[in-house]
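Undergrad: File follows, my_file.cif with mmCIF, C-alpha atoms:
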data_entry
#
loop_
_atom_site.label_atom_id
_atom_site.label_comp_id
_atom_site.auth_asym_id
_atom_site.auth_seq_id
_atom_site.Cartn_x
_atom_site.Cartn_y
_atom_site.Cartn_z
CA MET A 471 -17.17 21.05 -15.98
CA ASP A 472 -19.11 23.35 -18.29
CA SER A 473 -21.90 20.93 -19.15
CA LEU A 474 -23.30 17.44 -18.80
CA PRO A 475 -23.52 15.20 -21.89
CA GLY A 476 -26.27 16.13 -24.34
CA SER A 477 -25.27 19.50 -25.82
CA LYS A 478 -26.37 19.82 -29.45
CA GLY A 479 -23.36 21.28 -31.19
CA GLY A 480 -21.77 24.68 -31.51
CA THR A 481 -24.63 26.87 -30.27
CA GLY A 482 -22.97 27.28 -26.89
CA SER A 483 -25.85 25.45 -25.20
CA ARG A 484 -25.38 23.81 -21.82
CA VAL A 485 -26.98 20.86 -20.06
CA THR A 486 -27.10 21.43 -16.31
CA GLY A 487 -27.70 18.93 -13.56
CA HIS A 488 -25.86 16.13 -11.78
CA SER A 489 -23.94 13.16 -13.15
CA TRP A 490 -23.73 10.11 -10.89
CA LEU A 491 -21.54 7.04 -11.35
CA ILE A 492 -23.09 4.47 -9.02
CA THR A 493 -21.27 1.19 -8.52
CA ASP A 494 -20.64 -1.56 -5.97
CA HIS A 495 -16.91 -1.32 -6.70
CA SER A 496 -14.37 1.17 -5.40
CA LEU A 497 -13.38 4.30 -7.34
CA PRO A 498 -9.90 5.25 -6.09
CA VAL A 499 -9.27 9.00 -6.17
CA ARG A 500 -5.79 10.54 -6.31
CA LEU A 501 -5.39 14.22 -5.54
CA PRO A 502 -2.51 16.27 -7.05
CA HIS A 503 0.42 16.93 -4.71
CA SER A 504 0.90 20.56 -3.65
CA ARG A 505 -1.03 21.90 -6.65
CA GLU A 506 -4.45 23.40 -7.09
CA PRO A 507 -6.50 20.98 -9.21
CA LYS A 508 -7.40 22.32 -12.64
CA SER A 509 -8.94 19.24 -14.24
CA LEU A 510 -10.46 15.81 -13.70
CA THR A 511 -8.89 12.70 -15.22
CA PHE A 512 -10.97 9.54 -15.54
CA SER A 513 -8.52 6.64 -15.87
CA LEU A 514 -9.59 3.36 -17.43
CA PRO A 515 -7.30 0.32 -17.75
CA ASN A 516 -6.35 1.22 -21.34
CA ALA A 517 -7.07 4.96 -21.63
CA ASN A 518 -7.72 8.14 -19.71
CA PHE A 519 -9.81 11.26 -20.30
CA THR A 520 -8.90 14.69 -18.92
CA ILE A 521 -11.51 17.48 -18.75
CA PRO A 522 -10.73 20.98 -17.41
CA LEU A 523 -12.75 22.28 -14.50
CA ALA A 524 -15.22 25.06 -15.29
CA ASN A 525 -14.22 28.66 -14.64
CA THR A 526 -16.18 29.85 -11.57
CA VAL A 527 -14.64 33.32 -11.12
CA PHE A 528 -17.97 35.09 -11.66
CA ARG A 529 -19.76 32.75 -9.24
CA ASN A 530 -17.50 32.58 -6.20
CA GLY A 531 -14.32 34.47 -7.09
CA GLN A 532 -12.29 31.27 -7.57
CA GLU A 533 -10.70 30.15 -10.81
CA SER A 534 -12.29 26.71 -10.39
CA THR A 535 -14.26 24.87 -7.72
CA LEU A 536 -13.95 21.23 -6.71
CA VAL A 537 -15.32 19.50 -3.62
CA HIS A 538 -14.41 15.91 -2.77
CA LEU A 539 -16.56 13.96 -0.32
CA GLY A 540 -15.23 10.58 0.69
CA ALA A 541 -17.34 7.58 -0.25
CA THR A 542 -19.51 5.97 2.41
CA ALA A 543 -19.69 2.19 2.15
CA ARG A 544 -23.10 0.64 2.58
CA PRO A 545 -23.26 -2.07 5.24
CA ARG A 546 -23.25 -5.57 3.82
CA VAL A 547 -25.56 -8.17 5.29
CA ILE A 548 -24.12 -11.67 5.36
CA GLU A 549 -26.40 -14.50 6.40
CA ALA A 550 -24.67 -17.20 8.40
CA ALA A 551 -25.40 -20.86 7.87
CA VAL A 552 -26.65 -22.97 10.73
CA GLY A 553 -23.92 -23.68 13.24
CA ILE A 554 -21.68 -20.68 12.29
CA SER A 555 -21.20 -18.08 15.02
CA ASP A 556 -21.33 -14.31 14.61
CA PRO A 557 -17.55 -13.89 15.20
CA GLU A 558 -16.88 -16.34 12.37
CA VAL A 559 -19.17 -14.35 10.05
CA GLU A 560 -17.37 -11.13 10.96
CA GLU A 561 -13.99 -12.76 10.37
CA PHE A 562 -15.16 -13.94 6.94
CA ALA A 563 -16.32 -10.41 6.02
CA HIS A 564 -12.95 -8.94 7.02
CA ALA A 565 -11.16 -11.62 4.98
CA GLN A 566 -13.20 -10.64 1.93
CA GLU A 567 -12.11 -7.01 2.26
CA ASP A 568 -8.47 -8.06 2.75
CA ILE A 569 -8.58 -10.18 -0.40
CA LYS A 570 -10.12 -7.29 -2.35
CA GLU A 571 -7.42 -4.85 -1.20
CA THR A 572 -4.70 -7.40 -1.98
CA TRP A 573 -5.98 -7.84 -5.54
CA GLN A 574 -6.03 -4.06 -6.02
CA GLU A 575 -2.45 -3.76 -4.78
CA LEU A 576 -1.40 -6.69 -6.98
CA GLY A 577 -3.01 -4.98 -9.99
CA GLU A 578 -1.07 -1.78 -9.30
CA LEU A 579 2.15 -3.78 -8.93
CA MET A 580 1.60 -5.66 -12.21
CA LYS A 581 0.86 -2.37 -13.95
CA MET A 582 4.10 -0.88 -12.60
CA VAL A 583 6.10 -3.92 -13.72
CA GLY A 584 4.47 -3.80 -17.15
CA VAL A 585 5.35 -0.12 -17.58
CA LYS A 586 8.99 -0.60 -16.55
CA SER A 587 9.37 -3.63 -18.82
CA GLY A 588 7.81 -1.85 -21.79
CA ILE A 589 4.90 -4.30 -22.05
CA VAL A 590 2.39 -1.69 -20.90
CA ILE A 591 2.50 1.82 -22.38
CA PRO A 592 1.48 4.30 -19.66
CA ASN A 593 -0.96 7.15 -20.15
CA PRO A 594 0.41 9.91 -17.90
CA VAL A 595 -1.97 12.00 -15.79
CA PRO A 596 -1.40 15.80 -15.75
CA PRO A 597 0.25 16.86 -12.47
CA ASP A 598 -2.56 19.34 -11.69
CA SER A 599 -5.39 16.86 -12.29
CA VAL A 600 -7.55 14.83 -9.89
CA GLU A 601 -7.45 11.21 -11.05
CA ILE A 602 -10.49 8.95 -10.71
CA GLN A 603 -9.75 5.30 -11.50
CA ILE A 604 -12.50 3.29 -13.19
CA SER A 605 -11.94 -0.47 -13.35
CA ASP A 606 -13.32 -3.02 -15.81
CA GLU A 607 -15.70 -4.21 -13.08
CA VAL A 608 -17.26 -0.73 -12.94
CA LEU A 609 -17.80 -0.72 -16.72
CA LYS A 610 -19.54 -4.08 -16.51
CA ASP A 611 -21.99 -2.65 -13.95
CA GLY A 612 -23.63 -0.64 -16.74
CA SER A 613 -26.87 -1.49 -18.47
CA GLY A 614 -25.20 -2.14 -21.83
CA SER A 615 -22.72 -4.67 -23.17
CA GLY A 616 -19.91 -3.60 -20.84
CA THR A 617 -17.32 -4.14 -23.58
CA GLY A 618 -15.39 -0.95 -22.78
CA LYS A 619 -15.16 -0.13 -26.50
CA ILE A 620 -13.95 3.44 -27.05
CA TYR A 621 -15.01 5.53 -30.04
CA SER A 622 -15.73 9.14 -30.96
CA GLN A 623 -18.79 10.90 -32.34
CA MET A 624 -18.46 14.40 -33.78
CA PRO A 625 -20.99 16.48 -35.77
CA LEU A 626 -18.60 17.20 -38.63
CA THR A 627 -19.29 17.70 -42.32
CA PRO A 628 -16.35 17.29 -44.76
CA LEU A 629 -15.52 20.44 -46.71
CA THR A 630 -12.65 19.12 -48.83
CA LYS A 631 -11.14 15.84 -49.85
CA PRO A 632 -7.87 14.70 -48.24
CA ARG A 633 -4.88 16.59 -49.69
CA LYS A 634 -1.17 15.93 -49.30
CA ILE A 635 0.75 18.62 -47.45
CA ALA A 636 3.29 20.34 -49.70
CA GLU A 637 4.81 22.80 -47.24
CA GLY A 638 4.45 23.81 -43.61
CA MET A 639 6.25 24.21 -40.32
CA GLY A 640 5.23 24.05 -36.68
CA ASN A 641 1.50 24.72 -36.64
CA ILE A 642 1.53 26.81 -39.87
CA LEU A 643 0.22 25.19 -43.06
CA ARG A 644 1.56 26.97 -46.13
CA ALA A 645 0.71 24.83 -49.15
CA ILE A 646 -1.10 21.64 -50.14
CA GLU A 647 -1.14 19.69 -53.38
CA GLY A 648 -3.94 21.04 -55.58
CA PRO A 649 -6.93 18.95 -56.71
CA GLU A 650 -6.16 19.31 -60.40
CA ASP A 651 -2.49 18.58 -61.17
CA GLY A 652 -1.01 18.02 -57.71
CA ALA A 653 0.95 21.26 -57.87
CA GLY A 654 1.36 23.14 -54.62
CA GLU A 655 -1.16 25.89 -53.91
CA GLY A 656 -2.02 28.14 -50.97
CA ALA A 657 -3.41 26.08 -48.13
CA SER A 658 -6.52 28.22 -47.66
CA LEU A 659 -7.63 28.57 -51.30
CA GLU A 660 -9.79 25.46 -51.56
CA LEU A 661 -11.00 25.83 -47.97
CA GLU A 662 -12.24 29.41 -48.42
CA SER A 663 -14.26 28.40 -51.47
CA ALA A 664 -15.65 25.32 -49.68
CA VAL A 665 -16.85 27.36 -46.67
CA ASP A 666 -18.62 29.84 -48.97
CA LYS A 667 -20.39 27.00 -50.79
CA TYR A 668 -21.41 25.40 -47.50
CA LEU A 669 -22.97 28.62 -46.18
CA GLN A 670 -24.77 29.23 -49.48
CA SER A 671 -26.23 25.71 -49.36
CA LEU A 672 -27.97 26.31 -46.02
CA PRO A 673 -31.76 26.78 -46.16
CA GLU A 674 -32.95 30.39 -46.34
CA ASP A 675 -34.68 30.11 -42.96
CA ALA A 676 -31.62 28.55 -41.31
CA ASP A 677 -29.98 30.35 -38.40
CA THR A 678 -26.76 31.30 -40.21
CA PRO A 679 -23.85 31.33 -37.75
CA GLU A 680 -21.82 34.48 -37.31
CA ARG A 681 -18.70 32.34 -36.91
CA VAL A 682 -18.02 28.81 -38.08
CA ASP A 683 -15.77 26.21 -36.47
CA VAL A 684 -13.43 24.57 -38.98
CA PHE A 685 -11.27 21.58 -38.06
CA ALA A 686 -8.36 19.90 -39.82
CA ARG A 687 -7.81 16.17 -39.62
CA LEU A 688 -4.18 15.20 -40.15
CA THR A 689 -3.09 11.64 -40.94
CA THR A 690 0.27 10.07 -41.67
CA GLN A 691 -1.14 8.29 -44.75
CA GLU A 692 -3.95 8.93 -47.20
CA PRO A 693 -7.13 8.10 -45.24
CA SER A 694 -9.48 5.43 -46.51
CA PRO A 695 -13.04 6.60 -47.27
CA ASP A 696 -14.29 3.49 -45.45
CA VAL A 697 -12.92 4.68 -42.10
CA THR A 698 -15.62 6.39 -40.05
CA GLU A 699 -13.52 6.90 -36.88
CA LEU A 700 -12.07 10.38 -37.37
CA LEU A 701 -10.28 10.93 -34.05
CA LEU A 702 -9.00 7.65 -32.62
CA TYR A 703 -7.79 6.06 -35.87
CA PRO A 704 -4.04 5.28 -35.60
CA GLY A 705 -1.96 8.25 -36.74
CA ALA A 706 -4.92 10.65 -36.87
CA ARG A 707 -5.09 14.02 -35.12
CA MET A 708 -7.81 16.67 -35.07
CA HIS A 709 -6.87 20.37 -34.83
CA ARG A 710 -9.03 23.47 -34.86
CA VAL A 711 -8.20 26.02 -37.59
CA LEU A 712 -7.41 29.23 -35.69
CA SER A 713 -6.85 31.75 -38.45
CA GLY A 714 -5.63 32.29 -42.00
CA GLY A 715 -6.81 32.89 -45.50
CA GLY A 716 -6.36 35.91 -47.72
CA GLY A 717 -3.08 37.76 -47.43
CA TRP A 718 -0.56 38.47 -50.13
CA GLY A 719 3.06 37.80 -50.95
CA SER A 720 4.75 35.19 -48.74
CA LYS A 721 1.76 35.18 -46.34
CA ALA A 722 -0.86 34.38 -48.96
CA GLY A 723 -2.97 31.30 -48.20
CA LEU A 724 -1.44 30.47 -44.80
CA LEU A 725 -3.47 28.60 -42.19
CA SER A 726 -2.75 28.41 -38.46
CA LEU A 727 -3.74 25.26 -36.53
CA ASP A 728 -4.29 25.02 -32.79
CA PRO A 729 -1.06 23.64 -31.21
CA GLN A 730 -3.18 22.41 -28.23
CA ASN A 731 -0.42 22.34 -25.59
CA GLU A 732 2.49 24.39 -24.28
CA ARG A 733 5.08 21.78 -25.28
CA ASP A 734 4.14 22.17 -28.95
CA VAL A 735 4.33 25.97 -28.73
CA THR A 736 7.85 25.77 -27.28
CA GLN A 737 8.86 23.19 -29.89
CA PHE A 738 7.56 25.34 -32.77
CA ALA A 739 9.44 28.39 -31.52
CA HIS A 740 12.63 26.32 -31.50
CA GLU A 741 11.93 25.06 -35.02
CA PHE A 742 11.52 28.57 -36.41
CA GLU A 743 14.77 29.60 -34.70
CA VAL A 744 16.63 26.64 -36.20
CA ARG A 745 15.18 27.33 -39.64
CA PHE A 746 16.23 30.97 -39.38
CA ARG A 747 19.80 29.80 -38.67
CA GLY A 748 19.66 27.54 -41.72
CA ASP A 749 20.35 24.21 -39.95
CA ALA A 750 19.60 21.72 -42.72
CA ASP A 751 20.20 18.66 -40.50
CA TYR A 752 17.43 19.49 -38.03
CA VAL A 753 14.60 16.91 -37.99
CA HIS A 754 11.22 18.64 -38.36
CA ASP A 755 8.69 17.47 -35.74
CA GLY A 756 5.76 19.90 -35.90
CA ILE A 757 2.03 19.37 -36.32
CA VAL A 758 2.24 20.17 -40.03
CA GLN A 759 4.68 17.88 -41.82
CA LYS A 760 5.35 17.64 -45.54
CA GLY A 761 4.06 14.41 -47.08
CA GLN A 762 1.28 13.87 -44.55
CA TRP A 763 -2.40 14.33 -45.39
CA ILE A 764 -4.95 16.92 -44.32
CA GLN A 765 -8.73 17.19 -44.71
CA PHE A 766 -10.99 20.02 -43.55
CA PHE A 767 -14.36 19.70 -41.80
CA ILE A 768 -16.97 22.16 -40.53
CA ALA A 769 -18.75 21.64 -37.21
CA GLY A 770 -22.52 21.58 -37.09
CA ASN A 771 -25.26 20.43 -34.74
CA GLY A 772 -26.04 16.89 -33.74
CA ALA A 773 -27.36 14.82 -30.84
CA LEU A 774 -25.37 11.99 -29.26
CA ALA A 775 -26.78 8.70 -28.10
CA GLU A 776 -27.41 8.99 -24.36
CA LYS A 777 -25.45 5.98 -23.17
CA GLY A 778 -22.10 4.91 -21.72
CA LEU A 779 -19.37 7.14 -20.37
CA GLN A 780 -19.21 10.37 -22.40
CA PHE A 781 -16.47 13.00 -22.29
CA GLY A 782 -16.90 15.82 -24.77
CA ALA A 783 -16.91 19.47 -25.79
CA VAL A 784 -19.41 22.33 -25.95
CA GLY A 785 -19.34 25.63 -27.82
CA LYS A 786 -18.27 28.91 -26.25
CA ILE A 787 -20.83 30.44 -23.92
CA GLU A 788 -20.72 33.68 -25.93
CA ASP A 789 -22.06 31.73 -28.93
CA VAL A 790 -25.42 31.07 -27.24
CA ARG A 791 -28.16 32.18 -29.66
CA ARG A 792 -31.16 30.20 -28.49
CA VAL A 793 -32.07 28.68 -25.16
CA GLU A 794 -33.93 25.38 -25.46
CA ASP A 795 -35.26 24.47 -22.03
CA ASP A 796 -38.74 23.18 -21.23
CA GLY A 797 -38.01 23.40 -17.53
CA GLU A 798 -38.75 19.72 -17.00
CA PRO A 799 -35.95 17.74 -15.31
CA ARG A 800 -35.38 14.22 -16.54
CA THR A 801 -33.31 11.22 -15.56
CA ILE A 802 -31.06 9.46 -18.08
CA GLU A 803 -30.03 6.00 -16.94
CA GLY A 804 -26.83 4.39 -18.23
CA CYS A 805 -25.08 7.67 -19.12
CA PHE A 806 -22.31 9.43 -17.17
CA GLY A 807 -19.79 12.13 -18.02
CA GLY A 808 -19.31 15.79 -18.80
CA ALA A 809 -18.14 18.33 -21.35
CA SER A 810 -15.94 21.42 -21.49
CA GLU A 811 -15.43 24.43 -23.76
CA CYS A 812 -11.80 23.30 -24.03
CA GLY A 813 -12.77 19.74 -24.97
CA VAL A 814 -11.30 16.51 -23.64
CA ASP A 815 -7.73 15.21 -23.85
CA VAL A 816 -7.65 11.49 -24.61
CA GLY A 817 -4.65 9.39 -23.57
CA MET A 818 -4.25 6.07 -25.39
CA ALA A 819 -1.13 3.94 -25.95
CA GLY A 820 1.05 6.66 -24.43
CA LYS A 821 -0.15 9.37 -26.84
CA ARG A 822 -2.55 12.24 -26.23
CA ARG A 823 -4.98 13.77 -28.65
CA ARG A 824 -7.67 16.39 -28.12
CA MET A 825 -11.34 16.32 -29.05
CA ASP A 826 -12.75 19.86 -28.90
CA VAL A 827 -15.45 19.72 -31.58
CA PRO A 828 -18.57 21.36 -30.06
CA GLY A 829 -21.27 18.75 -29.53
CA GLY A 830 -18.79 15.89 -29.99
CA ALA A 831 -17.70 13.29 -27.44
CA VAL A 832 -15.50 10.30 -26.85
CA ILE A 833 -17.70 7.44 -25.67
CA VAL A 834 -16.92 4.32 -23.65
CA GLU A 835 -19.47 1.52 -23.92
CA THR A 836 -20.70 0.22 -20.58
#
For the structure just supplied, provide its representation as structure tokens.
TA:
Amino acid sequence: MDSLPGSKGGTGSRVTGHSWLITDHSLPVRLPHSREPKSLTFSLPNANFTIPLANTVFRNGQESTLVHLGATARPRVIEAAVGISDPEVEEFAHAQEDIKETWQELGELMKMVGVKSGIVIPNPVPPDSVEIQISDEVLKDGSGSGTGKIYSQMPLTPLTKPRKIAEGMGNILRAIEGPEDGAGEGASLELESAVDKYLQSLPEDADTPERVDVFARLTTQEPSPDVTELLLYPGARMHRVLSGGGGWGSKAGLLSLDPQNERDVTQFAHEFEVRFRGDADYVHDGIVQKGQWIQFFIAGNGALAEKGLQFGAVGKIEDVRRVEDDGEPRTIEGCFGGASECGVDVGMAGKRRRMDVPGGAVIVET
């Protein structure tokens, strides 16, 4: 990974060190078959989190580096009651291990039955990812409530109010309903003005960024102002704004959103081909869909609470402007995880969504 939890936003800063998940329970590890691992997937009973491995080409000549050392079980001391022989104690200890393994196998079997029957919606693991399974018992080992509640924290400031999408295709946003009369206008018009106002509002002595990270939150319905969960709210998706603005003619006001995966890129190419042929019966299934809602945010700096399992994102290393390091190592108890420049892919209820806001994280309470 590129960093441990604790990065403060889009400055490209890194937190180096070691992250240890210490537990009395097993952590089954599944290696990818006949593929070089490119990511780590931490699988919980109801969700999983996939983080790409860091690029280590300039360190050891390899695209990524991963070393797996098998766990070493600590010997358990069992005191025998009066009149019980050592062989009986040993037999009891073996029986305990057999029961534990049986329960694990039964859990896997019930999960398989639930998936096939449709009761349980699976969260697939990428074929090139190393899967680490974290059970409910492991979560309860933490110093907190152990509820396993999952939520996101992202240092985002809203730039615009939610607007209904008037026109778009694939990952290209062409027009949104304007704030005045609801008439369609270029998608970037309000955003460009909002970014300028945001930069002008910064204090004179502030370290003005050379480049800003803008994100679009898309929802199937008009979002309620009372909802504080931006990423994991049902029907919500967060996409980085890649490019757009300016232009003239038919390209005026266009915005391009990050498609986030190869499947979407292939799908969008097919959509443009179908549209070019004039197939009116084709069902549009892109990121940008007419009638849905979009709101723009700008990423800033912020510190996360140092607790629970945290899987997040850091800014690009080329964005480093200031190194904040007092040289003093410290230990943070009750916090485990990591962060990547590419962010974390979250799998919940069979759907995947990406959190790549620098300084943000998806947190699991332990």
Undergrad: So how many Å separate atom CA of Lys667 of chain A and atom CA of Thr630 of chain A, to one decimal?
TA: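 Interatomic distance here is 11.2 Å.
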Undergrad: For a quick check of understanding, using all atoms listed in the file, which of A:Ala657, A:Leu701, A:Met639, A:Ile833 has the smallest distance to Gln759 of chain A?
TA: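 Of all the options, A:Met639 lies closest to Gln759 of chain A.
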Undergrad: With all atoms listed in the file as the basis for distance, which of A:Gly817, A:Pro632, A:Pro695, A:Gly804 is at the shortest distance from Ile521 of chain A?
TA: A:Gly817
Undergrad: Have a look at A:Glu533, A:Glu811, A:Glu803, A:Glu835 and name the one nearest to Asp472 of chain A; count all atoms listed in the file.
TA: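 Under the stated criterion, the closest residue is A:Glu811.
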Undergrad: If I take atom CA of Gly656 of chain A and atom CA of Gly640 of chain A, how far is one from the other in Å, to one decimal?
TA: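 Calculated distance between atom CA of Gly656 of chain A and atom CA of Gly640 of chain A is 16.5 Å.
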Undergrad: What's the separation between atom CA of Glu788 of chain A and atom CA of Pro673 of chain A, in Å to one decimal place?
TA: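 That distance, rounded to one decimal, is 24.1 Å.
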Undergrad: Taking into account all atoms listed in the file, which residue in the set A:Ala517, A:Leu643, A:Ala664, A:Val832 is nearest to Val814 of chain A?
TA: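 That would be A:Val832, the residue with the smallest distance to Val814 of chain A.
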Undergrad: Care to translate the PyMOL selection byres ((chain A and resi 503) around 12) into actual residues of this file, as a VMD selection string?
TA: chain A and resid 500 to 502 504 to 507 596 to 601
Undergrad: Taking 3 positions as the minimum chain separation for residues in the same chain, which residues sit within 7 Å of Ser810 of chain A when counting all atoms listed in the file? Answer as a list in words.
TA: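 Residues near the query, excluding close chain neighbours: Met471, Asp472, Ser473, Ile521, Pro522, Gly782, Ala783, Val784 and Gly813 of chain A.
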Undergrad: Would you save the residues from that selection as a tab-separated table (two decimals), in the coordinates of the input, using C-alpha atoms?
TA:
chain	number	residue	atom	x	y	z
A	471	MET	CA	-17.17	21.05	-15.98
A	472	ASP	CA	-19.11	23.35	-18.29
A	473	SER	CA	-21.90	20.93	-19.15
A	521	ILE	CA	-11.51	17.48	-18.75
A	522	PRO	CA	-10.73	20.98	-17.41
A	782	GLY	CA	-16.90	15.82	-24.77
A	783	ALA	CA	-16.91	19.47	-25.79
A	784	VAL	CA	-19.41	22.33	-25.95
A	813	GLY	CA	-12.77	19.74	-24.97
Undergrad: Here's the selection I'm unsure about, the PyMOL selection byres ((chain A and resi 475) around 7); applied to the file above, which residues does it give, as a VMD selection string?
TA: chain A and resid 473 to 474 476 to 477 485 780 807 to 809
Undergrad: Here is a test: counting all atoms listed in the file, which residue of A:Ser726, A:Gln762, A:Thr511, A:Thr801 is nearest to Asn641 of chain A?
TA: A:Ser726
Undergrad: Draw an axis-aligned box over all listed atoms of segment 663-670 of chain A, pad each side with 4 Å, and write its centre and edge lengths in Å, one decimal, as AutoDock Vina command-line options.
TA:
--center_x -19.5 --center_y 27.6 --center_z -48.8 --size_x 18.5 --size_y 12.5 --size_z 13.3
Undergrad: Have a look at A:Leu626, A:Leu514, A:Leu712, A:Val595 and name the one nearest to Gly770 of chain A; count all atoms listed in the file.
TA: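 Counting all atoms listed in the file, the residue closest to Gly770 of chain A is A:Leu626.
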Undergrad: Find the residues near Ala706 of chain A: any atom within 8 Å, counting all atoms listed in the file, skip ones fewer than 4 places away on the same chain, and give them as a ChimeraX atom specification.
TA: /A:687-690,700-702
